[in-house]
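Undergrad: PDB, C-alpha atoms, file query-v6.pdb:
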```
ATOM      1  CA  MET U   1      90.740  94.770 174.695
ATOM      2  CA  THR U   2      87.796  96.170 172.696
ATOM      3  CA  ARG U   3      87.426  94.841 169.154
ATOM      4  CA  ILE U   4      85.605  97.092 166.683
ATOM      5  CA  LEU U   5      84.568  96.245 163.127
ATOM      6  CA  MET U   6      84.002  99.080 160.643
ATOM      7  CA  ILE U   7      82.075  97.970 157.552
ATOM      8  CA  GLY U   8      82.440  99.943 154.335
ATOM      9  CA  ASP U   9      79.624 101.506 152.284
ATOM     10  CA  VAL U  10      76.691  99.084 152.277
ATOM     11  CA  VAL U  11      75.181  99.231 148.788
ATOM     12  CA  GLY U  12      71.556  98.311 148.123
ATOM     13  CA  LYS U  13      69.866  94.952 148.666
ATOM     14  CA  PRO U  14      73.017  92.918 147.922
ATOM     15  CA  GLY U  15      74.817  94.756 150.711
ATOM     16  CA  ARG U  16      71.934  94.144 153.096
ATOM     17  CA  ASP U  17      71.817  90.479 152.083
ATOM     18  CA  VAL U  18      75.476  89.825 152.875
ATOM     19  CA  LEU U  19      75.097  91.474 156.273
ATOM     20  CA  GLN U  20      72.037  89.364 157.013
ATOM     21  CA  SER U  21      73.861  86.209 155.931
ATOM     22  CA  GLN U  22      77.355  86.776 157.284
ATOM     23  CA  LEU U  23      77.564  89.454 159.977
ATOM     24  CA  ALA U  24      76.597  87.299 162.964
ATOM     25  CA  LYS U  25      79.133  84.666 161.855
ATOM     26  CA  VAL U  26      81.829  87.316 161.420
ATOM     27  CA  ARG U  27      81.147  88.739 164.875
ATOM     28  CA  GLU U  28      81.496  85.316 166.441
ATOM     29  CA  ARG U  29      84.500  84.172 164.396
ATOM     30  CA  HIS U  30      86.522  87.322 165.038
ATOM     31  CA  GLY U  31      85.251  88.055 168.543
ATOM     32  CA  VAL U  32      83.902  91.475 167.528
ATOM     33  CA  ASP U  33      82.485  93.599 170.347
ATOM     34  CA  PHE U  34      81.012  96.467 168.311
ATOM     35  CA  VAL U  35      80.030  96.954 164.649
ATOM     36  CA  ILE U  36      79.853 100.263 162.787
ATOM     37  CA  ALA U  37      78.573 100.396 159.198
ATOM     38  CA  ASN U  38      78.469 103.228 156.697
ATOM     39  CA  ALA U  39      74.839 103.010 155.595
ATOM     40  CA  GLU U  40      74.347 105.960 153.256
ATOM     41  CA  ASN U  41      73.895 103.730 150.175
ATOM     42  CA  VAL U  42      71.631 101.091 151.701
ATOM     43  CA  ALA U  43      68.394 102.133 149.966
ATOM     44  CA  GLY U  44      68.819 101.319 146.277
ATOM     45  CA  GLY U  45      72.288 102.853 146.319
ATOM     46  CA  SER U  46      71.330 106.268 147.737
ATOM     47  CA  GLY U  47      70.254 107.033 151.277
ATOM     48  CA  ILE U  48      68.676 104.845 153.939
ATOM     49  CA  THR U  49      65.056 104.271 154.969
ATOM     50  CA  SER U  50      63.703 103.712 158.459
ATOM     51  CA  GLU U  51      63.019 100.090 157.507
ATOM     52  CA  ASN U  52      66.642  99.693 156.367
ATOM     53  CA  TYR U  53      67.813 101.125 159.675
ATOM     54  CA  ARG U  54      65.773  98.604 161.649
ATOM     55  CA  ALA U  55      66.977  95.748 159.435
ATOM     56  CA  LEU U  56      70.666  96.587 159.867
ATOM     57  CA  ARG U  57      70.197  96.824 163.621
ATOM     58  CA  MET U  58      68.585  93.384 163.581
ATOM     59  CA  PHE U  59      71.474  91.977 161.483
ATOM     60  CA  GLY U  60      73.946  93.067 164.180
ATOM     61  CA  VAL U  61      75.046  96.596 163.272
ATOM     62  CA  ASP U  62      75.463  98.601 166.473
ATOM     63  CA  CYS U  63      75.966 102.044 164.941
ATOM     64  CA  MET U  64      75.471 103.555 161.480
ATOM     65  CA  THR U  65      77.331 106.445 159.885
ATOM     66  CA  LEU U  66      76.251 108.403 156.812
ATOM     67  CA  GLY U  67      77.786 110.654 154.155
ATOM     68  CA  ASP U  68      76.878 112.877 151.220
ATOM     69  CA  HIS U  69      73.715 110.809 150.562
ATOM     70  CA  ALA U  70      72.556 111.114 154.176
ATOM     71  CA  TYR U  71      69.183 112.562 153.183
ATOM     72  CA  GLY U  72      68.753 110.540 149.986
ATOM     73  CA  GLN U  73      65.554 109.120 151.481
ATOM     74  CA  LYS U  74      63.566 111.900 153.132
ATOM     75  CA  GLU U  75      61.777 109.600 155.551
ATOM     76  CA  ILE U  76      65.010 108.867 157.449
ATOM     77  CA  ILE U  77      64.921 112.326 159.025
ATOM     78  CA  THR U  78      62.523 111.161 161.747
ATOM     79  CA  THR U  79      64.841 108.272 162.580
ATOM     80  CA  LEU U  80      67.854 110.581 162.621
ATOM     81  CA  GLU U  81      66.108 112.862 165.089
ATOM     82  CA  HIS U  82      65.044 110.110 167.491
ATOM     83  CA  GLU U  83      67.547 107.232 167.373
ATOM     84  CA  LYS U  84      70.988 107.165 169.043
ATOM     85  CA  ASN U  85      72.528 104.493 166.819
ATOM     86  CA  ILE U  86      72.873 106.579 163.664
ATOM     87  CA  VAL U  87      74.805 109.801 162.962
ATOM     88  CA  ARG U  88      74.945 112.248 160.074
ATOM     89  CA  PRO U  89      78.184 114.013 159.101
ATOM     90  CA  GLY U  90      79.384 116.220 161.930
ATOM     91  CA  ASN U  91      80.425 119.034 159.586
ATOM     92  CA  PHE U  92      76.969 119.490 158.093
ATOM     93  CA  PRO U  93      75.288 122.738 159.207
ATOM     94  CA  ARG U  94      74.276 122.774 162.875
ATOM     95  CA  GLU U  95      70.614 122.966 161.797
ATOM     96  CA  ALA U  96      70.828 119.743 159.759
ATOM     97  CA  PRO U  97      68.634 116.921 161.095
ATOM     98  CA  GLY U  98      70.357 114.245 163.128
ATOM     99  CA  ARG U  99      73.167 113.796 165.631
ATOM    100  CA  ARG U 100      76.703 115.132 165.103
ATOM    101  CA  PHE U 101      78.013 112.297 167.272
ATOM    102  CA  THR U 102      76.778 109.554 169.549
ATOM    103  CA  ILE U 103      78.031 107.827 172.689
ATOM    104  CA  LEU U 104      77.001 104.206 173.107
ATOM    105  CA  THR U 105      77.869 101.458 175.584
ATOM    106  CA  ILE U 106      79.537  98.209 174.560
ATOM    107  CA  PRO U 107      78.461  95.457 177.000
ATOM    108  CA  SER U 108      81.060  93.358 178.785
ATOM    109  CA  THR U 109      82.268  90.289 176.873
ATOM    110  CA  LYS U 110      84.739  87.429 177.295
ATOM    111  CA  SER U 111      87.586  89.673 176.159
ATOM    112  CA  GLN U 112      86.250  92.792 177.860
ATOM    113  CA  ALA U 113      85.466  92.464 181.558
ATOM    114  CA  GLU U 114      83.644  95.793 181.964
ATOM    115  CA  PRO U 115      81.239  97.730 179.743
ATOM    116  CA  VAL U 116      82.987 100.340 177.611
ATOM    117  CA  ARG U 117      81.570 103.595 176.302
ATOM    118  CA  ILE U 118      82.380 104.461 172.707
ATOM    119  CA  ALA U 119      81.972 107.734 170.813
ATOM    120  CA  VAL U 120      81.278 107.550 167.081
ATOM    121  CA  PHE U 121      81.005 110.323 164.528
ATOM    122  CA  CYS U 122      81.512 110.839 160.815
ATOM    123  CA  LEU U 123      82.793 113.706 158.728
ATOM    124  CA  LEU U 124      82.493 114.653 155.069
ATOM    125  CA  GLY U 125      85.512 115.580 152.968
ATOM    126  CA  ARG U 126      85.596 118.737 150.848
ATOM    127  CA  THR U 127      87.654 117.801 147.768
ATOM    128  CA  PHE U 128      85.265 116.878 144.913
ATOM    129  CA  MET U 129      82.396 116.832 147.429
ATOM    130  CA  LYS U 130      79.479 119.119 148.280
ATOM    131  CA  PRO U 131      80.364 122.279 150.225
ATOM    132  CA  VAL U 132      80.601 121.623 153.970
ATOM    133  CA  ASP U 133      82.379 123.076 156.985
ATOM    134  CA  CYS U 134      86.030 122.261 157.654
ATOM    135  CA  PRO U 135      86.210 118.598 158.795
ATOM    136  CA  LEU U 136      89.195 119.218 161.067
ATOM    137  CA  ARG U 137      87.533 122.139 162.815
ATOM    138  CA  ALA U 138      84.320 120.098 163.204
ATOM    139  CA  ALA U 139      86.302 117.152 164.603
ATOM    140  CA  GLU U 140      88.007 119.390 167.151
ATOM    141  CA  GLU U 141      84.647 120.853 168.213
ATOM    142  CA  ILE U 142      83.102 117.410 168.659
ATOM    143  CA  LEU U 143      86.101 116.024 170.531
ATOM    144  CA  ALA U 144      85.899 118.968 172.938
ATOM    145  CA  LEU U 145      82.293 117.985 173.723
ATOM    146  CA  LEU U 146      83.087 114.369 174.586
ATOM    147  CA  PRO U 147      83.370 113.378 178.249
ATOM    148  CA  HIS U 148      86.971 112.840 179.256
ATOM    149  CA  ASP U 149      86.276 109.275 180.381
ATOM    150  CA  VAL U 150      85.035 108.220 176.927
ATOM    151  CA  LYS U 151      88.386 107.005 175.646
ATOM    152  CA  VAL U 152      87.288 104.881 172.663
ATOM    153  CA  ARG U 153      86.583 107.268 169.767
ATOM    154  CA  ILE U 154      85.974 106.255 166.159
ATOM    155  CA  ILE U 155      85.706 108.582 163.146
ATOM    156  CA  ASP U 156      84.340 107.558 159.750
ATOM    157  CA  PHE U 157      85.842 110.073 157.301
ATOM    158  CA  HIS U 158      83.630 109.965 154.211
ATOM    159  CA  ALA U 159      85.850 111.614 151.621
ATOM    160  CA  GLU U 160      87.126 111.345 148.048
ATOM    161  CA  ALA U 161      90.753 112.431 148.334
ATOM    162  CA  THR U 162      93.291 110.229 150.092
ATOM    163  CA  SER U 163      95.325 113.307 150.952
ATOM    164  CA  ASP U 164      92.341 114.755 152.850
ATOM    165  CA  LYS U 165      91.977 111.534 154.797
ATOM    166  CA  GLN U 166      95.661 111.331 155.641
ATOM    167  CA  THR U 167      95.806 114.980 156.670
ATOM    168  CA  LEU U 168      92.870 114.680 159.057
ATOM    169  CA  ALA U 169      94.260 111.475 160.558
ATOM    170  CA  ARG U 170      97.752 112.903 161.046
ATOM    171  CA  SER U 171      96.271 116.024 162.635
ATOM    172  CA  LEU U 172      94.265 113.975 165.140
ATOM    173  CA  ASP U 173      96.823 111.225 165.806
ATOM    174  CA  GLY U 174      96.654 110.273 169.475
ATOM    175  CA  GLN U 175      93.309 111.997 170.049
ATOM    176  CA  VAL U 176      91.081 109.251 168.628
ATOM    177  CA  SER U 177      91.210 105.463 168.466
ATOM    178  CA  ALA U 178      90.723 105.177 164.703
ATOM    179  CA  ILE U 179      89.995 107.194 161.587
ATOM    180  CA  LEU U 180      88.638 104.903 158.893
ATOM    181  CA  GLY U 181      87.743 106.169 155.433
ATOM    182  CA  THR U 182      84.651 105.444 153.357
ATOM    183  CA  HIS U 183      83.018 106.784 150.160
ATOM    184  CA  THR U 184      85.257 105.518 147.320
ATOM    185  CA  HIS U 185      83.934 101.921 147.595
ATOM    186  CA  VAL U 186      87.489 100.649 146.987
ATOM    187  CA  ALA U 187      89.463  99.179 149.893
ATOM    188  CA  THR U 188      92.991 100.524 150.306
ATOM    189  CA  ALA U 189      95.970  98.474 151.495
ATOM    190  CA  ASP U 190      97.388 101.174 153.762
ATOM    191  CA  GLU U 191      96.026 100.127 157.156
ATOM    192  CA  THR U 192      98.412 101.260 159.874
ATOM    193  CA  ILE U 193      98.723 102.639 163.379
ATOM    194  CA  PHE U 194     100.284 106.095 163.588
ATOM    195  CA  PRO U 195     102.930 106.947 166.237
ATOM    196  CA  GLY U 196     100.340 108.519 168.546
ATOM    197  CA  GLY U 197      98.213 105.368 168.596
ATOM    198  CA  THR U 198      95.470 106.172 166.067
ATOM    199  CA  ALA U 199      94.568 103.408 163.617
ATOM    200  CA  PHE U 200      94.077 104.577 160.043
ATOM    201  CA  GLN U 201      92.983 103.340 156.625
ATOM    202  CA  CYS U 202      92.113 105.538 153.652
ATOM    203  CA  ASP U 203      89.084 103.426 152.732
ATOM    204  CA  VAL U 204      87.648 100.249 154.214
ATOM    205  CA  GLY U 205      85.929  99.365 150.926
ATOM    206  CA  MET U 206      82.416  98.417 149.845
ATOM    207  CA  THR U 207      79.813  95.948 151.061
ATOM    208  CA  GLY U 208      77.838  95.010 147.992
ATOM    209  CA  PRO U 209      78.174  93.607 144.446
ATOM    210  CA  PHE U 210      81.734  93.578 143.099
ATOM    211  CA  ASP U 211      80.754  92.509 139.550
ATOM    212  CA  SER U 212      80.030  96.184 139.031
ATOM    213  CA  ILE U 213      81.471  99.674 138.865
ATOM    214  CA  ILE U 214      81.554 100.697 142.537
ATOM    215  CA  GLY U 215      78.287  98.831 143.059
ATOM    216  CA  ARG U 216      76.374  99.879 139.939
ATOM    217  CA  ARG U 217      75.586  97.936 136.782
ATOM    218  CA  ILE U 218      78.567  97.927 134.440
ATOM    219  CA  ASP U 219      76.552  98.329 131.231
ATOM    220  CA  ARG U 220      74.694 101.383 132.525
ATOM    221  CA  VAL U 221      77.789 103.185 133.752
ATOM    222  CA  CYS U 222      79.763 102.418 130.566
ATOM    223  CA  GLU U 223      76.921 103.631 128.357
ATOM    224  CA  THR U 224      76.787 106.996 130.102
ATOM    225  CA  PHE U 225      80.583 107.220 130.198
ATOM    226  CA  ARG U 226      80.785 106.663 126.433
ATOM    227  CA  THR U 227      77.819 108.711 125.212
ATOM    228  CA  PHE U 228      76.759 111.088 128.020
ATOM    229  CA  ARG U 229      73.284 109.593 127.534
ATOM    230  CA  PRO U 230      71.741 109.429 131.010
ATOM    231  CA  THR U 231      70.930 105.913 132.208
ATOM    232  CA  PRO U 232      69.678 104.716 135.595
ATOM    233  CA  PHE U 233      72.679 103.535 137.596
ATOM    234  CA  ASP U 234      70.914 100.517 139.075
ATOM    235  CA  VAL U 235      72.638  98.510 141.796
ATOM    236  CA  ALA U 236      74.377  95.413 140.385
ATOM    237  CA  ARG U 237      73.739  91.919 141.776
ATOM    238  CA  ASN U 238      76.673  89.528 141.493
ATOM    239  CA  ASP U 239      79.862  88.667 143.445
ATOM    240  CA  VAL U 240      78.561  90.097 146.689
ATOM    241  CA  ARG U 241      81.190  90.782 149.364
ATOM    242  CA  MET U 242      81.494  92.506 152.698
ATOM    243  CA  ASN U 243      84.588  94.670 153.131
ATOM    244  CA  GLY U 244      85.531  95.830 156.587
ATOM    245  CA  THR U 245      88.356  96.574 158.974
ATOM    246  CA  ILE U 246      88.863  95.339 162.529
ATOM    247  CA  VAL U 247      90.586  97.560 165.077
ATOM    248  CA  ASP U 248      91.610  96.434 168.559
ATOM    249  CA  VAL U 249      91.553  99.285 171.067
ATOM    250  CA  ASP U 250      92.867  99.440 174.625
ATOM    251  CA  PRO U 251      89.804 100.763 176.488
ATOM    252  CA  ALA U 252      91.968 102.247 179.254
ATOM    253  CA  THR U 253      93.863 104.553 176.895
ATOM    254  CA  GLY U 254      91.620 104.639 173.833
ATOM    255  CA  LEU U 255      94.616 103.889 171.625
ATOM    256  CA  ALA U 256      94.694 101.244 168.892
ATOM    257  CA  VAL U 257      96.914  98.196 169.213
ATOM    258  CA  SER U 258      96.097  96.411 165.931
ATOM    259  CA  ILE U 259      94.269  96.850 162.632
ATOM    260  CA  LYS U 260      93.435  94.390 159.853
ATOM    261  CA  ARG U 261      91.223  94.201 156.771
ATOM    262  CA  ILE U 262      88.646  91.454 156.259
ATOM    263  CA  VAL U 263      86.564  90.308 153.288
ATOM    264  CA  GLU U 264      83.525  88.022 153.474
ATOM    265  CA  ARG U 265      81.619  86.707 150.453
ATOM    266  CA  LEU U 266      77.922  85.982 150.130
ATOM    267  CA  PRO U 267      77.477  82.308 149.163
ATOM    268  CA  VAL U 268      76.876  82.019 145.412
ATOM    269  CA  GLU U 269      73.527  80.300 145.841
ATOM    270  CA  MET U 270      72.285  83.340 147.786
ATOM    271  CA  GLY U 271      73.630  85.995 145.381
TER     272      GLY U 271
END
```
Here is a file; write its structure as structure tokens.
TA:
Amino acid sequence: MTRILMIGDVVGKPGRDVLQSQLAKVRERHGVDFVIANAENVAGGSGITSENYRALRMFGVDCMTLGDHAYGQKEIITTLEHEKNIVRPGNFPREAPGRRFTILTIPSTKSQAEPVRIAVFCLLGRTFMKPVDCPLRAAEEILALLPHDVKVRIIDFHAEATSDKQTLARSLDGQVSAILGTHTHVATADETIFPGGTAFQCDVGMTGPFDSIIGRRIDRVCETFRTFRPTPFDVARNDVRMNGTIVDVDPATGLAVSIKRIVERLPVEMG
């Protein structure tokens, strides 16, 4: 069995801190074979830098997905063009910098006798989001490009509307191992395995400060909400947690056999 952990939107330094503090322990405690993290908010809440990329790799993240803030930090373009462990949304224009998908190898472990290849890609939703190509059509194009023997296939669907996420997942049920949502920063309690064997959750949640409004300082967001006066939406600092979802996949079939949510907190003295 291959055990995969998908970590929700990592927000700013607090999100990086909880990964540095807790991820290795989580991997060991849960017997995780492979970690994917949505990293589009790592740099001060918008985008990711090359230094952030290297740090998350060092903390134990095997693959990073992005979203609508993919190019929030211009310097990441070089990393996107040269590294295999990070992907931009697959329904961005073909000319957009970065990989539409990646195929990586999970080494053999105690629970997994042989190395397993895994395909990872992310897609952007279209409801209340920037204009992009159809996510379903892009998913079908990418799946057609994958080698037949790469059975384990994970999609991060970075979208606002739960109906979009459910529609994509139902359309691809049985063709991928899991479709796990990101972007809203709020974990949903709808984790399930569809009849065809695809694990699904509308949103795996946020990795960052929960004494906040989706990761940003409460006072700043409320001020702008009340007055329309622009304020800097700085990343908050307190009650730092890591939200994620673990999916067990049969590497022979690529189908999911279990799914569960997890939450880890950064020790108070480190927050």
Undergrad: Rank U:Gly244, U:Gly47, U:Pro195, U:Gly67 by their smallest atom-to-atom distance to U:Leu5, using all atoms listed in the file, and report the top residue only.
TA: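 Between U:Gly244, U:Gly47, U:Pro195, U:Gly67, the residue approaching U:Leu5 most closely is U:Gly244.
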Undergrad: Atom CA of U:Arg100 and atom CA of U:Arg137, how far apart in Å?
TA: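 According to the coordinates, atom CA of U:Arg137 and atom CA of U:Arg100 are separated by 13.1 Å.
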Undergrad: If you measure from atom CA of U:Ile106 to atom CA of U:Gln22, what distance in Å do you get, rounded to one decimal?
TA: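 That distance, rounded to one decimal, is 20.8 Å.
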Undergrad: Taking the file above as input, evaluate the PyMOL selection byres ((chain U and resi 142) around 12) and report the hits as an MDAnalysis selection string.
TA: chainID U and resid 89:91 94 99:103 119:123 135:141 143:147 153:155 175:176
Undergrad: With only C-alpha atoms as the atoms that count, which of U:Thr188, U:Asp234, U:Arg57, U:Asp219 lies nearest to U:Gln20?
TA: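 Using only C-alpha atoms, the shortest distance to U:Gln20 belongs to U:Arg57.
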Undergrad: Can you list, as a PyMOL selection string, the residues that the PyMOL selection byres ((chain U and resi 107) around 12) selects here?
TA: chain U and resi 2-3+32-34+62+104-106+108-118
Undergrad: Give me the residues within 6 Å of U:Gly205 as a list in words, counting all atoms listed in the file and dropping any in the same chain fewer than 4 places off.
TA: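 That gives Gly8, His185, Val186, Ala187 and Asn243 of chain U.
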Undergrad: What's the 12 Å shell around U:Cys202, counting all atoms listed in the file, without same-chain residues fewer than 4 positions away, as a ChimeraX atom specification?
TA: /U:8,155-170,178-192,245,261
Undergrad: Would you kindly translate the PyMOL selection byres ((chain U and resi 221) around 12) into the concrete residues it picks from this file, as an mmCIF file with C-alpha atoms, in the coordinates of the input?
TA:
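And here's selection04.cif as it stands now:
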```cif
data_model
loop_
_atom_site.group_PDB
_atom_site.id
_atom_site.type_symbol
_atom_site.label_atom_id
_atom_site.label_comp_id
_atom_site.auth_asym_id
_atom_site.auth_seq_id
_atom_site.Cartn_x
_atom_site.Cartn_y
_atom_site.Cartn_z
ATOM 1 C CA SER U 212 80.030 96.184 139.031
ATOM 2 C CA ILE U 213 81.471 99.674 138.865
ATOM 3 C CA ILE U 214 81.554 100.697 142.537
ATOM 4 C CA GLY U 215 78.287 98.831 143.059
ATOM 5 C CA ARG U 216 76.374 99.879 139.939
ATOM 6 C CA ARG U 217 75.586 97.936 136.782
ATOM 7 C CA ILE U 218 78.567 97.927 134.440
ATOM 8 C CA ASP U 219 76.552 98.329 131.231
ATOM 9 C CA ARG U 220 74.694 101.383 132.525
ATOM 10 C CA CYS U 222 79.763 102.418 130.566
ATOM 11 C CA GLU U 223 76.921 103.631 128.357
ATOM 12 C CA THR U 224 76.787 106.996 130.102
ATOM 13 C CA PHE U 225 80.583 107.220 130.198
ATOM 14 C CA ARG U 226 80.785 106.663 126.433
ATOM 15 C CA THR U 227 77.819 108.711 125.212
ATOM 16 C CA PHE U 228 76.759 111.088 128.020
ATOM 17 C CA ARG U 229 73.284 109.593 127.534
ATOM 18 C CA PRO U 230 71.741 109.429 131.010
ATOM 19 C CA THR U 231 70.930 105.913 132.208
ATOM 20 C CA PRO U 232 69.678 104.716 135.595
ATOM 21 C CA PHE U 233 72.679 103.535 137.596
ATOM 22 C CA ASP U 234 70.914 100.517 139.075
ATOM 23 C CA VAL U 235 72.638 98.510 141.796
ATOM 24 C CA ALA U 236 74.377 95.413 140.385
#
```
Undergrad: I need the residue nearest U:Phe200 from this list: U:Leu80, U:Leu56, U:Met6, U:Ala252. Use all atoms listed in the file for the distance.
TA: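 The closest residue to U:Phe200 is U:Met6.
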Undergrad: Hey, can you check how far atom CA of U:Gly72 sits from atom CA of U:Phe128?
TA: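 These atoms are spaced 18.4 Å apart.
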Undergrad: Given the choices U:Val150, U:Val61, U:Leu66, U:Ala55, which gets closest to U:Val26 if the distance is worked out from only C-alpha atoms?
TA: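 Going through U:Val150, U:Val61, U:Leu66, U:Ala55 one by one, the smallest distance to U:Val26 is for U:Val61.
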Undergrad: Pick out the residues sitting within 7 Å of U:Thr198, and hand them over as a PyMOL selection string; count only C-alpha atoms, and ignore anything fewer than 6 positions along from it in its own chain.
TA: chain U and resi 173-174+176-178+255-256
Undergrad: Between U:Arg54, U:Arg88, U:His30, U:Ile4, single out the one closest to U:Ala199, counting all atoms listed in the file.
TA: U:Ile4
Undergrad: Identify which of the residues U:Ile193, U:Leu266, U:Val42, U:Ala96 lies closest to U:Ile77, counting all atoms listed in the file when measuring atom-to-atom distances.
TA: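 Looking only at the distances to U:Ile77, the closest residue turns out to be U:Ala96.
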Undergrad: Can you report as JSON the centre and edge lengths in Å, to one decimal, of an axis-aligned box around the listed atoms of stretch 168-178 of chain U padded with 5 Å on each side?
TA:
```
{"center_x": 94.2, "center_y": 110.6, "center_z": 164.6, "size_x": 17.0, "size_y": 20.8, "size_z": 21.0}
```
